[in-house]
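**Q** File name start.pdb; file contents PDB, C-alpha atoms; full text below.
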```
ATOM      1  CA  ALA P  12       0.000   0.000   0.000
ATOM      2  CA  PHE P  13       2.893   2.338   0.819
ATOM      3  CA  SER P  14       4.458   1.982  -2.638
ATOM      4  CA  GLU P  15       1.056   2.495  -4.266
ATOM      5  CA  GLU P  16       0.721   5.801  -2.429
ATOM      6  CA  ILE P  17       4.198   6.831  -3.594
ATOM      7  CA  ILE P  18       3.375   6.348  -7.289
ATOM      8  CA  GLY P  19      -0.032   7.936  -6.785
ATOM      9  CA  ALA P  20      -1.982   5.217  -8.582
ATOM     10  CA  LYS P  21      -4.397   2.578  -7.382
ATOM     11  CA  MET P  22      -3.133  -0.954  -8.010
ATOM     12  CA  ASN P  23      -6.192  -2.841  -9.218
ATOM     13  CA  ARG P  24      -6.819  -6.340  -7.938
ATOM     14  CA  ILE P  25      -7.005  -9.112 -10.550
ATOM     15  CA  ALA P  26      -8.548 -12.505  -9.739
ATOM     16  CA  VAL P  27      -7.885 -15.308 -12.242
ATOM     17  CA  LEU P  28      -9.970 -18.486 -12.644
ATOM     18  CA  ILE P  29      -8.304 -21.492 -14.294
ATOM     19  CA  SER P  30      -8.943 -25.170 -14.999
ATOM     20  CA  GLY P  31      -5.706 -26.338 -16.593
ATOM     21  CA  SER P  32      -2.063 -25.691 -17.412
ATOM     22  CA  GLY P  33      -2.331 -21.949 -16.894
ATOM     23  CA  THR P  34      -0.250 -20.675 -19.810
ATOM     24  CA  ASN P  35      -2.512 -17.635 -20.164
ATOM     25  CA  LEU P  36      -2.268 -17.052 -16.415
ATOM     26  CA  GLN P  37       1.519 -17.173 -16.888
ATOM     27  CA  ALA P  38       1.265 -14.517 -19.611
ATOM     28  CA  ILE P  39      -0.604 -12.261 -17.164
ATOM     29  CA  LEU P  40       1.857 -12.935 -14.323
ATOM     30  CA  ASP P  41       4.816 -12.229 -16.620
ATOM     31  CA  ALA P  42       3.208  -9.008 -17.867
ATOM     32  CA  VAL P  43       2.643  -7.809 -14.296
ATOM     33  CA  SER P  44       6.239  -8.694 -13.414
ATOM     34  CA  SER P  45       7.673  -6.880 -16.450
ATOM     35  CA  GLY P  46       5.433  -3.834 -16.070
ATOM     36  CA  LEU P  47       3.533  -4.513 -19.292
ATOM     37  CA  ILE P  48       0.481  -4.656 -17.010
ATOM     38  CA  SER P  49       1.168  -1.672 -14.752
ATOM     39  CA  LYS P  50      -2.227  -0.870 -13.242
ATOM     40  CA  GLY P  51      -3.008  -4.215 -11.619
ATOM     41  CA  ARG P  52      -1.644  -7.259  -9.838
ATOM     42  CA  VAL P  53      -2.911 -10.809  -9.504
ATOM     43  CA  VAL P  54      -4.229 -11.240  -5.954
ATOM     44  CA  GLY P  55      -5.554 -14.791  -6.211
ATOM     45  CA  VAL P  56      -6.014 -17.784  -8.499
ATOM     46  CA  VAL P  57      -8.983 -20.146  -8.191
ATOM     47  CA  SER P  58      -9.069 -23.528  -9.940
ATOM     48  CA  ASN P  59     -11.869 -26.056 -10.210
ATOM     49  CA  LYS P  60      -9.222 -28.788 -10.726
ATOM     50  CA  LYS P  61      -6.803 -29.677  -7.937
ATOM     51  CA  ASP P  62      -4.152 -30.942 -10.384
ATOM     52  CA  ALA P  63      -4.204 -27.857 -12.652
ATOM     53  CA  TYR P  64      -0.581 -26.857 -13.286
ATOM     54  CA  GLY P  65      -1.652 -23.225 -13.230
ATOM     55  CA  LEU P  66      -1.821 -23.537  -9.436
ATOM     56  CA  GLU P  67       1.922 -24.219  -9.385
ATOM     57  CA  ARG P  68       2.530 -21.239 -11.673
ATOM     58  CA  ALA P  69       0.653 -19.049  -9.197
ATOM     59  CA  ARG P  70       2.562 -20.447  -6.218
ATOM     60  CA  LEU P  71       5.886 -19.815  -7.958
ATOM     61  CA  ALA P  72       4.806 -16.196  -8.447
ATOM     62  CA  GLY P  73       3.815 -15.897  -4.786
ATOM     63  CA  VAL P  74       0.095 -15.616  -5.587
ATOM     64  CA  PRO P  75      -2.435 -17.237  -3.208
ATOM     65  CA  THR P  76      -4.408 -20.141  -4.687
ATOM     66  CA  GLN P  77      -7.611 -21.965  -3.904
ATOM     67  CA  VAL P  78      -9.125 -25.157  -5.317
ATOM     68  CA  PHE P  79     -12.900 -25.193  -5.525
ATOM     69  CA  SER P  80     -13.957 -28.442  -7.156
ATOM     70  CA  LEU P  81     -17.395 -28.873  -8.717
ATOM     71  CA  PHE P  82     -16.913 -32.645  -8.637
ATOM     72  CA  THR P  83     -16.317 -32.648  -4.878
ATOM     73  CA  PHE P  84     -19.204 -30.244  -4.352
ATOM     74  CA  THR P  85     -21.792 -32.276  -6.301
ATOM     75  CA  LYS P  86     -20.535 -35.540  -4.795
ATOM     76  CA  GLU P  87     -21.761 -34.153  -1.474
ATOM     77  CA  GLY P  88     -25.234 -33.898  -3.010
ATOM     78  CA  ARG P  89     -25.187 -30.156  -3.532
ATOM     79  CA  THR P  90     -26.457 -28.451  -6.695
ATOM     80  CA  ARG P  91     -24.611 -26.621  -9.447
ATOM     81  CA  ASP P  92     -26.481 -23.463  -8.489
ATOM     82  CA  GLU P  93     -25.183 -23.781  -4.915
ATOM     83  CA  TYR P  94     -21.686 -24.281  -6.320
ATOM     84  CA  ASP P  95     -21.888 -21.022  -8.296
ATOM     85  CA  ALA P  96     -23.158 -19.175  -5.215
ATOM     86  CA  GLU P  97     -20.270 -20.509  -3.092
ATOM     87  CA  LEU P  98     -17.763 -19.834  -5.876
ATOM     88  CA  ALA P  99     -18.960 -16.227  -5.968
ATOM     89  CA  LYS P 100     -18.206 -15.967  -2.226
ATOM     90  CA  VAL P 101     -14.710 -17.376  -2.782
ATOM     91  CA  VAL P 102     -13.974 -14.894  -5.568
ATOM     92  CA  SER P 103     -15.596 -11.992  -3.670
ATOM     93  CA  GLY P 104     -13.203 -12.730  -0.827
ATOM     94  CA  LEU P 105     -10.354 -11.646  -3.100
ATOM     95  CA  GLN P 106     -12.016  -8.214  -3.476
ATOM     96  CA  PRO P 107     -11.288  -8.165  -7.212
ATOM     97  CA  ASP P 108     -11.510  -5.124  -9.467
ATOM     98  CA  VAL P 109     -11.522  -7.484 -12.453
ATOM     99  CA  VAL P 110     -12.079 -11.246 -12.807
ATOM    100  CA  VAL P 111     -10.272 -13.030 -15.651
ATOM    101  CA  LEU P 112     -11.328 -16.480 -16.882
ATOM    102  CA  ALA P 113      -8.098 -17.873 -18.356
ATOM    103  CA  GLY P 114      -8.853 -21.426 -19.402
ATOM    104  CA  TRP P 115     -11.762 -21.757 -16.943
ATOM    105  CA  MET P 116     -13.858 -24.610 -18.335
ATOM    106  CA  LEU P 117     -17.150 -24.157 -16.470
ATOM    107  CA  VAL P 118     -20.025 -21.957 -17.626
ATOM    108  CA  LEU P 119     -20.812 -19.303 -15.023
ATOM    109  CA  SER P 120     -24.523 -18.904 -14.332
ATOM    110  CA  PRO P 121     -26.405 -15.728 -13.374
ATOM    111  CA  THR P 122     -26.162 -16.996  -9.765
ATOM    112  CA  PHE P 123     -22.437 -16.203  -9.965
ATOM    113  CA  LEU P 124     -22.547 -13.246 -12.341
ATOM    114  CA  ASN P 125     -25.223 -11.366 -10.386
ATOM    115  CA  GLN P 126     -22.867 -11.141  -7.405
ATOM    116  CA  PHE P 127     -20.557  -8.919  -9.485
ATOM    117  CA  PRO P 128     -22.840  -6.261 -10.976
ATOM    118  CA  SER P 129     -20.082  -3.666 -11.369
ATOM    119  CA  THR P 130     -16.975  -5.859 -11.590
ATOM    120  CA  PRO P 131     -15.771  -6.647 -15.129
ATOM    121  CA  ILE P 132     -15.572 -10.401 -15.765
ATOM    122  CA  ILE P 133     -13.745 -11.330 -18.959
ATOM    123  CA  ASN P 134     -13.153 -14.635 -20.724
ATOM    124  CA  LEU P 135     -10.628 -15.776 -23.314
ATOM    125  CA  HIS P 136     -12.105 -17.888 -26.129
ATOM    126  CA  PRO P 137     -10.121 -19.383 -29.046
ATOM    127  CA  ALA P 138     -12.451 -18.235 -31.812
ATOM    128  CA  LEU P 139     -13.611 -15.026 -33.449
ATOM    129  CA  PRO P 140     -16.816 -13.303 -32.277
ATOM    130  CA  GLY P 141     -19.880 -15.230 -33.410
ATOM    131  CA  MET P 142     -17.832 -18.256 -34.482
ATOM    132  CA  PHE P 143     -17.379 -21.630 -32.784
ATOM    133  CA  ALA P 144     -18.827 -20.828 -29.378
ATOM    134  CA  GLY P 145     -18.331 -23.488 -26.707
ATOM    135  CA  VAL P 146     -15.921 -26.398 -26.570
ATOM    136  CA  LYS P 147     -13.314 -27.630 -29.102
ATOM    137  CA  ALA P 148     -13.329 -24.295 -30.933
ATOM    138  CA  ILE P 149      -9.824 -24.735 -32.409
ATOM    139  CA  GLU P 150     -10.609 -28.242 -33.665
ATOM    140  CA  ARG P 151     -13.900 -27.080 -35.169
ATOM    141  CA  ALA P 152     -12.210 -24.155 -36.939
ATOM    142  CA  TYR P 153      -9.543 -26.506 -38.303
ATOM    143  CA  ASP P 154     -12.209 -28.885 -39.635
ATOM    144  CA  ALA P 155     -14.132 -25.973 -41.170
ATOM    145  CA  PHE P 156     -10.963 -24.783 -42.925
ATOM    146  CA  GLN P 157     -10.406 -28.257 -44.373
ATOM    147  CA  LYS P 158     -13.941 -28.114 -45.806
ATOM    148  CA  GLY P 159     -13.360 -24.646 -47.266
ATOM    149  CA  GLU P 160     -15.897 -23.043 -44.927
ATOM    150  CA  VAL P 161     -13.503 -20.543 -43.310
ATOM    151  CA  ALA P 162     -10.251 -18.911 -44.448
ATOM    152  CA  HIS P 163      -8.862 -18.225 -40.966
ATOM    153  CA  THR P 164      -9.770 -18.270 -37.303
ATOM    154  CA  GLY P 165      -8.822 -16.188 -34.282
ATOM    155  CA  CYS P 166      -9.270 -15.580 -30.593
ATOM    156  CA  MET P 167     -11.143 -13.056 -28.519
ATOM    157  CA  VAL P 168     -11.544 -11.794 -25.008
ATOM    158  CA  HIS P 169     -15.129 -10.848 -24.185
ATOM    159  CA  ARG P 170     -17.182  -9.756 -21.228
ATOM    160  CA  VAL P 171     -18.971 -12.672 -19.620
ATOM    161  CA  ILE P 172     -22.768 -12.890 -19.824
ATOM    162  CA  PRO P 173     -25.021 -15.938 -19.258
ATOM    163  CA  GLU P 174     -24.949 -16.818 -22.992
ATOM    164  CA  ILE P 175     -21.799 -18.811 -23.825
ATOM    165  CA  ASP P 176     -19.021 -16.819 -25.535
ATOM    166  CA  ALA P 177     -21.492 -14.112 -26.556
ATOM    167  CA  GLY P 178     -20.599 -11.061 -24.442
ATOM    168  CA  GLN P 179     -19.220  -7.735 -25.682
ATOM    169  CA  THR P 180     -15.791  -8.144 -27.288
ATOM    170  CA  VAL P 181     -12.894  -6.509 -25.428
ATOM    171  CA  ALA P 182     -10.059  -7.549 -27.752
ATOM    172  CA  VAL P 183      -9.724  -9.763 -30.807
ATOM    173  CA  ALA P 184      -6.924 -11.233 -32.925
ATOM    174  CA  THR P 185      -6.996 -13.071 -36.250
ATOM    175  CA  VAL P 186      -5.079 -16.345 -36.388
ATOM    176  CA  PRO P 187      -4.184 -17.670 -39.860
ATOM    177  CA  ILE P 188      -4.634 -21.295 -40.890
ATOM    178  CA  HIS P 189      -2.209 -22.663 -43.495
ATOM    179  CA  LYS P 190      -2.888 -25.493 -45.929
ATOM    180  CA  GLU P 191      -0.059 -27.589 -44.521
ATOM    181  CA  ASP P 192      -1.085 -27.081 -40.872
ATOM    182  CA  THR P 193      -1.737 -29.985 -38.586
ATOM    183  CA  LEU P 194      -4.219 -29.400 -35.771
ATOM    184  CA  GLU P 195      -1.219 -29.200 -33.408
ATOM    185  CA  ASP P 196       0.324 -26.428 -35.564
ATOM    186  CA  LEU P 197      -2.877 -24.413 -35.336
ATOM    187  CA  GLU P 198      -3.174 -25.002 -31.593
ATOM    188  CA  LYS P 199       0.379 -23.731 -31.057
ATOM    189  CA  ARG P 200      -0.252 -20.615 -33.173
ATOM    190  CA  MET P 201      -3.547 -20.007 -31.360
ATOM    191  CA  HIS P 202      -1.956 -20.240 -27.915
ATOM    192  CA  GLU P 203       0.791 -17.801 -28.901
ATOM    193  CA  ALA P 204      -1.869 -15.319 -30.038
ATOM    194  CA  GLU P 205      -3.871 -15.875 -26.842
ATOM    195  CA  HIS P 206      -0.884 -15.026 -24.631
ATOM    196  CA  VAL P 207      -0.574 -11.617 -26.301
ATOM    197  CA  LEU P 208      -4.313 -10.949 -26.471
ATOM    198  CA  ILE P 209      -5.097 -11.738 -22.834
ATOM    199  CA  VAL P 210      -2.553  -9.116 -21.702
ATOM    200  CA  GLN P 211      -3.968  -6.542 -24.136
ATOM    201  CA  ALA P 212      -7.486  -7.214 -22.881
ATOM    202  CA  VAL P 213      -6.544  -6.932 -19.209
ATOM    203  CA  ASN P 214      -4.931  -3.570 -19.972
ATOM    204  CA  VAL P 215      -8.044  -2.399 -21.843
ATOM    205  CA  ILE P 216     -10.188  -3.217 -18.792
ATOM    206  CA  LEU P 217      -7.717  -1.691 -16.307
ATOM    207  CA  ASP P 218      -7.498   1.497 -18.368
ATOM    208  CA  ASP P 219     -11.282   1.632 -18.469
ATOM    209  CA  ILE P 220     -11.772   1.237 -14.715
ATOM    210  CA  SER P 221      -8.960   3.696 -13.975
ATOM    211  CA  LYS P 222     -10.707   6.537 -15.837
TER
END
```
In structure tokens, write the structure found in this file.
**A**
Amino acid sequence: AFSEEIIGAKMNRIAVLISGSGTNLQAILDAVSSGLISKGRVVGVVSNKKDAYGLERARLAGVPTQVFSLFTFTKEGRTRDEYDAELAKVVSGLQPDVVVLAGWMLVLSPTFLNQFPSTPIINLHPALPGMFAGVKAIERAYDAFQKGEVAHTGCMVHRVIPEIDAGQTVAVATVPIHKEDTLEDLEKRMHEAEHVLIVQAVNVILDDISK
């Protein structure tokens, strides 16, 4: 807090939700460390999977982590709606100024979203706006390219609303597909684009809330 007073700027609190390896989380952590993200810091990482490697990435960066498993929750006979309500309490406890879904694989219901009426919640999705919503977006774009249905694909960061991958776009990037590409080639190119885009999008949101 002392250093924040010295520079005269509020350091916004970023909460990140993950389900997997956390490479996009790593991009955010690296950008904070390098100063590429200068108006915020990651204050907590929540995963719905206890073996998500992103948890280790957070620990290595000195960021508090929490596992909140839907599987464990429903095994106790509790509902998905109750899970979203409890998850909202967990995330609220981090007092976030922005919530970033970086490879978070669960749909968030209004039960969760309504607890954050004024907090931006953004999600990274490996497809262009209006294209390939939902799961296996990269694979579906690759198949569509093979059939001549699309000439390229892309990724976007959007604000989260109850409809899947349908919220207002915050940032977008086109990702080319080449004739000789394997699916693995496209996945690698997509992930490289995502790592840049997620940082851009976080900065867009932080600039917006700092106005």
**Q** Run the PyMOL selection byres ((chain P and resi 110) around 8) against the file shown and list the residues it catches, as a PyMOL selection string.
**A** chain P and resi 25-28+107-109+111-112+130-133
**Q** Take the point (-23.8, -16.6, -21.4) in the file's coordinates, draw a sphere of radius 9 Å around it, and report as a list in words every protein, DNA or RNA residue with an atom inside or on it, counting all atoms listed in the file.
**A**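 Here the neighbourhood of the point contains Val118, Leu119, Ser120, Pro121, Val171, Ile172, Pro173, Glu174, Ile175, Asp176, Ala177 and Gly178 of chain P.
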**Q** Evaluate the PyMOL selection byres ((chain P and resi 141-144) around 12) and record the selected residues as a ChimeraX atom specification, following the chain and residue labels used in the document.
**A** /P:118,135-140,145-155,160-161,163-167,169,174-180,183
**Q** Calculated over all atoms listed in the file, which of the candidates P:Leu197, P:Ala212, P:Ala182, P:Val101 has the smallest distance to P:Phe156?
**A**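 Going through P:Leu197, P:Ala212, P:Ala182, P:Val101 one by one, the smallest distance to P:Phe156 is for P:Leu197.
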**Q** So what does the PyMOL selection byres ((chain P and resi 79-83) around 8) actually pick up in this one, as JSON, numbers by chain?
**A** {"P": [57, 58, 59, 60, 61, 77, 78, 84, 85, 86, 87, 91, 94, 98]}
**Q** Compare P:Gln126, P:Val213, P:Arg52, P:Ser44 by their minimum atom-to-atom distance to P:Ser103, counting all atoms listed in the file, and give me the closest one.
**A**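 Answer, going by the shortest atom-to-atom distance: P:Gln126.
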**Q** As an exercise, work out the distance from atom CA of P:Val56 to atom CA of P:Lys100 in Å and give it to one decimal place.
**A**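 It comes out at 13.8 Å.
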**Q** Taking into account only C-alpha atoms, which residue in the set P:Ile48, P:Val102, P:Ala184, P:Ala38 is nearest to P:Ala72?
**A**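 Residue with the minimum atom-to-atom distance to P:Ala72: P:Ala38.
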**Q** Provide an axis-aligned box for all listed atoms of stretch 118-124 of chain P, padding each side by 4 Å; report its centre and its edge lengths in Å to one decimal, as JSON.
**A**
```
{"center_x": -23.2, "center_y": -17.6, "center_z": -13.7, "size_x": 14.4, "size_y": 16.7, "size_z": 15.9}
```
**Q** Between P:Lys222, P:His189, P:Lys21, P:Arg68, which has the minimum distance to P:Gln157 (counting all atoms listed in the file)?
**A** P:His189
**Q** Would you mind telling me which residue in P:Ser129, P:Met201, P:Gly88, P:Thr185 lies nearest to P:Arg170 when using only C-alpha atoms?
**A**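 Among the listed residues, the smallest separation from P:Arg170 belongs to P:Ser129.
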**Q** Can stretch 165-176 of chain P be brought up to all heavy atoms and written out as a compact mmCIF listing (two decimals), keeping the file's coordinate frame?
**A**
```
# COMPACT_ATOMS: atom_id res chain seq x y z
N GLY P 165 -9.33 -17.25 -35.15
CA GLY P 165 -8.82 -16.19 -34.28
C GLY P 165 -9.18 -16.45 -32.83
O GLY P 165 -9.67 -17.53 -32.48
N CYS P 166 -8.91 -15.47 -32.00
CA CYS P 166 -9.27 -15.58 -30.59
C CYS P 166 -9.81 -14.24 -30.12
O CYS P 166 -9.56 -13.20 -30.73
CB CYS P 166 -8.09 -16.04 -29.74
SG CYS P 166 -6.55 -15.12 -29.97
N MET P 167 -10.55 -14.29 -29.05
CA MET P 167 -11.14 -13.06 -28.52
C MET P 167 -11.18 -13.11 -27.00
O MET P 167 -11.17 -14.19 -26.39
CB MET P 167 -12.56 -12.86 -29.05
CG MET P 167 -13.55 -13.91 -28.58
SD MET P 167 -15.27 -13.45 -28.96
CE MET P 167 -16.12 -14.97 -28.53
N VAL P 168 -11.21 -11.93 -26.42
CA VAL P 168 -11.54 -11.79 -25.01
C VAL P 168 -12.84 -10.99 -24.96
O VAL P 168 -12.97 -9.97 -25.63
CB VAL P 168 -10.43 -11.09 -24.22
CG1 VAL P 168 -10.87 -10.86 -22.77
CG2 VAL P 168 -9.14 -11.90 -24.27
N HIS P 169 -13.82 -11.50 -24.22
CA HIS P 169 -15.13 -10.85 -24.18
C HIS P 169 -15.62 -10.75 -22.75
O HIS P 169 -15.18 -11.49 -21.86
CB HIS P 169 -16.14 -11.63 -25.03
CG HIS P 169 -16.39 -13.02 -24.52
ND1 HIS P 169 -17.38 -13.31 -23.62
CD2 HIS P 169 -15.75 -14.20 -24.76
CE1 HIS P 169 -17.37 -14.60 -23.34
NE2 HIS P 169 -16.38 -15.17 -24.02
N ARG P 170 -16.52 -9.84 -22.53
CA ARG P 170 -17.18 -9.76 -21.23
C ARG P 170 -18.12 -10.95 -21.07
O ARG P 170 -18.74 -11.38 -22.04
CB ARG P 170 -17.95 -8.44 -21.10
CG ARG P 170 -17.01 -7.23 -20.97
CD ARG P 170 -17.81 -5.94 -20.86
NE ARG P 170 -16.93 -4.78 -20.74
CZ ARG P 170 -16.57 -4.21 -19.58
NH1 ARG P 170 -17.03 -4.70 -18.43
NH2 ARG P 170 -15.77 -3.17 -19.56
N VAL P 171 -18.19 -11.46 -19.87
CA VAL P 171 -18.97 -12.67 -19.62
C VAL P 171 -20.42 -12.32 -19.32
O VAL P 171 -20.71 -11.47 -18.46
CB VAL P 171 -18.37 -13.49 -18.46
CG1 VAL P 171 -19.22 -14.72 -18.16
CG2 VAL P 171 -16.94 -13.91 -18.80
N ILE P 172 -21.33 -12.97 -20.06
CA ILE P 172 -22.77 -12.89 -19.82
C ILE P 172 -23.28 -14.33 -19.76
O ILE P 172 -22.53 -15.27 -20.07
CB ILE P 172 -23.48 -12.08 -20.93
CG1 ILE P 172 -23.29 -12.76 -22.31
CG2 ILE P 172 -22.98 -10.64 -20.95
CD1 ILE P 172 -24.07 -12.09 -23.43
N PRO P 173 -24.54 -14.55 -19.37
CA PRO P 173 -25.02 -15.94 -19.26
C PRO P 173 -24.91 -16.75 -20.56
O PRO P 173 -24.64 -17.95 -20.52
CB PRO P 173 -26.48 -15.77 -18.82
CG PRO P 173 -26.49 -14.49 -18.06
CD PRO P 173 -25.52 -13.60 -18.79
N GLU P 174 -25.09 -16.09 -21.72
CA GLU P 174 -24.95 -16.82 -22.99
C GLU P 174 -23.47 -17.12 -23.24
O GLU P 174 -22.62 -16.25 -23.10
CB GLU P 174 -25.52 -15.99 -24.15
CG GLU P 174 -27.03 -15.87 -24.14
CD GLU P 174 -27.54 -14.89 -23.08
OE1 GLU P 174 -26.82 -13.93 -22.76
OE2 GLU P 174 -28.65 -15.11 -22.55
N ILE P 175 -23.19 -18.35 -23.68
CA ILE P 175 -21.80 -18.81 -23.82
C ILE P 175 -21.08 -18.06 -24.93
O ILE P 175 -21.54 -18.01 -26.07
CB ILE P 175 -21.76 -20.33 -24.10
CG1 ILE P 175 -22.33 -21.09 -22.91
CG2 ILE P 175 -20.34 -20.80 -24.38
CD1 ILE P 175 -22.51 -22.57 -23.15
N ASP P 176 -19.93 -17.47 -24.58
CA ASP P 176 -19.02 -16.82 -25.54
C ASP P 176 -19.73 -15.77 -26.38
O ASP P 176 -19.43 -15.60 -27.57
CB ASP P 176 -18.35 -17.87 -26.44
CG ASP P 176 -17.54 -18.88 -25.63
OD1 ASP P 176 -16.93 -18.47 -24.63
OD2 ASP P 176 -17.53 -20.06 -26.00
```
